[in-house]
Amino acid sequence: NELLLLESEQLTAVGQLAASIAHEIRNPLTSLKGFVQLIENKVPGVNKEYFSVMMEELGRIELITSELLFLAKPQAQEFKIEQMNKIIQDVVLLLGSQALINRIEIRTENLACLPAMLCIGQQLKQVFINLIKNAMEAMPGGGVIEIKASMPSTSLMLIQVVDQGKGIPKELISKIGSPFYTTKENGTGLGMMTTIKIIKSHGGNVNISSIEGQGTTIDVYLPVVSSVSTS
Ligand code: ADP
Ligand code: MG
């Protein structure tokens, strides 16, 4: 328990730092992009590819800063009663065409057993977007992603995202969720950190199990919270 507390405190500190850095980077980045575009059309005799590389790299910095900002944004997020079933269905719908393009089928199982709960719906959507995207990225050859819901007890729900992807080597599982840990060329290494942060802020937990070459299962445990505690 002490360890868990420490972990969540570290996330907060990293989150705050991330937000201030992202903020400082954003404005100069916007003007840089503008001037690069301006020069591209004004300077003759320079390889056009240099400009597209510059714009791509600037775009990458932009992506990272926006993910960092999302991490720590203290936006007015309100806990509301939402149907978990609907939250997950929405995400499946949202990622449907991307899945189709990648020859991936997203199957859902038993979602109707999930109750309504007090949560920040937008954040939980982000969790399932992050998990399903990772699952898709682990299956470059296509395949099936299963989203299985169950109720281990009346007050606890379990949602599993199961993929048939490349899997994760045992010794690397503990690194997942560390800021900037990525094995992808275009990854940010912030998705799982955000995911874990959101689930923990809802009183839940995330468990990762994986077999190399066979696939990965992410277990999301969420307590069913139906009313605001007055204490
Ligand atoms: P990113 O997706 O930008 O790399 P994440 O925080 O979402 O960052 O994931 C961190 C790393 O965890 C990934 O780069 C990948 O190595 C590993 N990972 C996460 N989910 C999966 C999965 N479903 N299958 C295989 N590897 C995964
Ligand atoms: Mg990711």
# chains A, B, ... in the order shown; residues from 1 in each chain; ligands from 1

$ residues_near_ligand --ligand "ligand 2" --cutoff "9 Å" --atoms "only C-alpha atoms and all ligand atoms" --output "NGL selection string"
:A and (129-135 or 137 or 182 or 184 or 187-192)

$ write_last_selection --atoms "C-alpha atoms" --output "PDB file, in the first residue's frame"
ATOM      1  CA  ILE A 129      -8.791   4.323 -26.732  1.00  0.00           C
ATOM      2  CA  ASN A 130      -5.205   4.003 -25.444  1.00  0.00           C
ATOM      3  CA  LEU A 131      -5.553   0.274 -24.708  1.00  0.00           C
ATOM      4  CA  ILE A 132      -7.228  -0.639 -27.998  1.00  0.00           C
ATOM      5  CA  LYS A 133      -4.730   1.467 -29.975  1.00  0.00           C
ATOM      6  CA  ASN A 134      -1.837  -0.339 -28.307  1.00  0.00           C
ATOM      7  CA  ALA A 135      -3.516  -3.662 -29.078  1.00  0.00           C
ATOM      8  CA  GLU A 137      -0.326  -1.463 -32.965  1.00  0.00           C
ATOM      9  CA  THR A 182       8.140   3.227 -25.720  1.00  0.00           C
ATOM     10  CA  LYS A 184       7.758   2.197 -31.115  1.00  0.00           C
ATOM     11  CA  GLY A 187       5.488   6.215 -29.931  1.00  0.00           C
ATOM     12  CA  THR A 188       5.287   8.804 -27.170  1.00  0.00           C
ATOM     13  CA  GLY A 189       5.438   6.393 -24.249  1.00  0.00           C
ATOM     14  CA  LEU A 190       2.699   8.328 -22.467  1.00  0.00           C
ATOM     15  CA  GLY A 191      -0.414   6.288 -23.255  1.00  0.00           C
ATOM     16  CA  MET A 192      -0.072   3.667 -20.513  1.00  0.00           C
TER      17      MET A 192
END

$ residues_around --residues "Gly34 of chain A" --least-positions-apart "5" --cutoff "12 Å" --atoms "only C-alpha atoms" --output "PyMOL selection string"
chain A and resi 27-29+39-41+51+54-55+58-59

$ write_last_selection --atoms "C-alpha atoms" --output "mmCIF file, in the first residue's frame"
data_model
loop_
_atom_site.group_PDB
_atom_site.id
_atom_site.type_symbol
_atom_site.label_atom_id
_atom_site.label_comp_id
_atom_site.auth_asym_id
_atom_site.auth_seq_id
_atom_site.Cartn_x
_atom_site.Cartn_y
_atom_site.Cartn_z
ATOM 1 C CA ASN A 27 4.078 28.825 -28.157
ATOM 2 C CA PRO A 28 7.593 28.831 -29.605
ATOM 3 C CA LEU A 29 6.672 25.644 -31.470
ATOM 4 C CA ILE A 39 10.605 29.877 -45.688
ATOM 5 C CA GLU A 40 9.660 26.778 -47.675
ATOM 6 C CA ASN A 41 7.919 28.942 -50.222
ATOM 7 C CA PHE A 51 11.240 21.040 -45.047
ATOM 8 C CA MET A 54 11.400 19.630 -40.278
ATOM 9 C CA MET A 55 7.609 19.789 -40.337
ATOM 10 C CA LEU A 58 7.909 19.654 -35.281
ATOM 11 C CA GLY A 59 4.652 17.708 -35.572
#

$ select_by_dssp --residues "chain A" --states "helix (DSSP H, G or I)" --output "NGL selection string"
:A and (2-40 or 48-72 or 84-101 or 111-113 or 121-137 or 170-175 or 191-201)

$ residues_around --residues "segment 147-152 of chain A" --least-positions-apart "6" --cutoff "7 Å" --atoms "only C-alpha atoms" --output "PyMOL selection string"
chain A and resi 107-111+113-114+158-162

$ write_last_selection --atoms "N, CA and C atoms" --output "JSON list (two decimals), in the first residue's frame"
[["chain", "number", "residue", "atom", "x", "y", "z"],
["A", 107, "ARG", "N", -14.06, -7.49, -31.02],
["A", 107, "ARG", "CA", -15.23, -8.20, -30.51],
["A", 107, "ARG", "C", -15.47, -7.79, -29.07],
["A", 108, "THR", "N", -16.73, -7.65, -28.72],
["A", 108, "THR", "CA", -17.04, -7.36, -27.32],
["A", 108, "THR", "C", -17.81, -8.53, -26.74],
["A", 109, "GLU", "N", -17.61, -8.75, -25.44],
["A", 109, "GLU", "CA", -18.24, -9.90, -24.79],
["A", 109, "GLU", "C", -18.84, -9.46, -23.46],
["A", 110, "ASN", "N", -20.12, -9.67, -23.31],
["A", 110, "ASN", "CA", -20.78, -9.50, -22.01],
["A", 110, "ASN", "C", -20.80, -8.05, -21.49],
["A", 111, "LEU", "N", -20.67, -7.08, -22.39],
["A", 111, "LEU", "CA", -20.64, -5.67, -21.94],
["A", 111, "LEU", "C", -21.90, -5.30, -21.16],
["A", 113, "CYS", "N", -23.32, -6.66, -18.87],
["A", 113, "CYS", "CA", -23.29, -6.92, -17.42],
["A", 113, "CYS", "C", -22.74, -5.73, -16.63],
["A", 114, "LEU", "N", -22.16, -4.78, -17.34],
["A", 114, "LEU", "CA", -21.53, -3.65, -16.64],
["A", 114, "LEU", "C", -22.59, -2.67, -16.14],
["A", 158, "LEU", "N", -14.57, -5.89, -14.03],
["A", 158, "LEU", "CA", -13.32, -6.22, -14.70],
["A", 158, "LEU", "C", -13.54, -6.11, -16.20],
["A", 159, "ILE", "N", -12.72, -5.29, -16.84],
["A", 159, "ILE", "CA", -12.80, -5.19, -18.30],
["A", 159, "ILE", "C", -11.43, -5.59, -18.84],
["A", 160, "GLN", "N", -11.42, -6.60, -19.69],
["A", 160, "GLN", "CA", -10.15, -7.10, -20.22],
["A", 160, "GLN", "C", -10.02, -6.77, -21.70],
["A", 161, "VAL", "N", -8.88, -6.24, -22.07],
["A", 161, "VAL", "CA", -8.59, -6.01, -23.48],
["A", 161, "VAL", "C", -7.55, -7.04, -23.90],
["A", 162, "VAL", "N", -7.98, -7.97, -24.75],
["A", 162, "VAL", "CA", -7.14, -9.11, -25.10],
["A", 162, "VAL", "C", -6.73, -9.00, -26.57]]

$ select_by_dssp --residues "segment 11-193 of chain A" --states "strand (DSSP E or B)" --output "ChimeraX atom specification"
/A:80-83,104-109,116-119,143-153,156-162

$ atom_distance --atom1 "atom CA of Lys125 of chain A" --atom2 "atom CA of Ile87 of chain A"
6.1 Å

$ closest_residue --among "A:Glu62, A:Glu171, A:Glu24, A:Asp163" --to "ligand 1" --atoms "only C-alpha atoms and all ligand atoms"
A:Asp163

$ residues_around --residues "Gly143 of chain A" --least-positions-apart "5" --cutoff "7 Å" --atoms "only C-alpha atoms" --output "PyMOL selection string"
chain A and resi 103-105+164

$ residues_around --residues "Ser66 of chain A" --least-positions-apart "6" --cutoff "10 Å" --atoms "only C-alpha atoms" --output "PyMOL selection string"
chain A and resi 19+22-23+26+60

$ write_last_selection --atoms "C-alpha atoms" --output "mmCIF file, in the first residue's frame"
data_model
loop_
_atom_site.group_PDB
_atom_site.id
_atom_site.type_symbol
_atom_site.label_atom_id
_atom_site.label_comp_id
_atom_site.auth_asym_id
_atom_site.auth_seq_id
_atom_site.Cartn_x
_atom_site.Cartn_y
_atom_site.Cartn_z
ATOM 1 C CA ALA A 19 2.171 20.378 -17.874
ATOM 2 C CA ALA A 22 4.421 21.401 -22.385
ATOM 3 C CA HIS A 23 3.072 24.888 -21.889
ATOM 4 C CA ARG A 26 3.846 25.152 -27.234
ATOM 5 C CA ARG A 60 6.120 15.014 -33.360
#

$ residues_around --residues "Glu57 of chain A" --least-positions-apart "5" --cutoff "12 Å" --atoms "only C-alpha atoms" --output "PDB file with C-alpha atoms, in the first residue's frame"
ATOM      1  CA  LEU A  29       6.672  25.644 -31.470  1.00  0.00           C
ATOM      2  CA  LEU A  32       8.565  27.821 -35.514  1.00  0.00           C
ATOM      3  CA  LYS A  33       6.088  25.842 -37.629  1.00  0.00           C
ATOM      4  CA  VAL A  36       9.307  26.952 -41.535  1.00  0.00           C
ATOM      5  CA  TYR A  50      14.433  19.111 -45.624  1.00  0.00           C
ATOM      6  CA  PHE A  51      11.240  21.040 -45.047  1.00  0.00           C
ATOM      7  CA  SER A  52       9.034  17.996 -44.812  1.00  0.00           C
ATOM      8  CA  GLU A  62       3.538  18.899 -30.931  1.00  0.00           C
ATOM      9  CA  LEU A  63       2.033  15.424 -30.414  1.00  0.00           C
ATOM     10  CA  ILE A  64       4.180  14.795 -27.353  1.00  0.00           C
ATOM     11  CA  ASN A 186       6.646   6.892 -33.465  1.00  0.00           C
TER      12      ASN A 186
END

$ atom_distance --atom1 "atom CA of Gly96 of chain A" --atom2 "atom CA of Ile145 of chain A"
11.5 Å
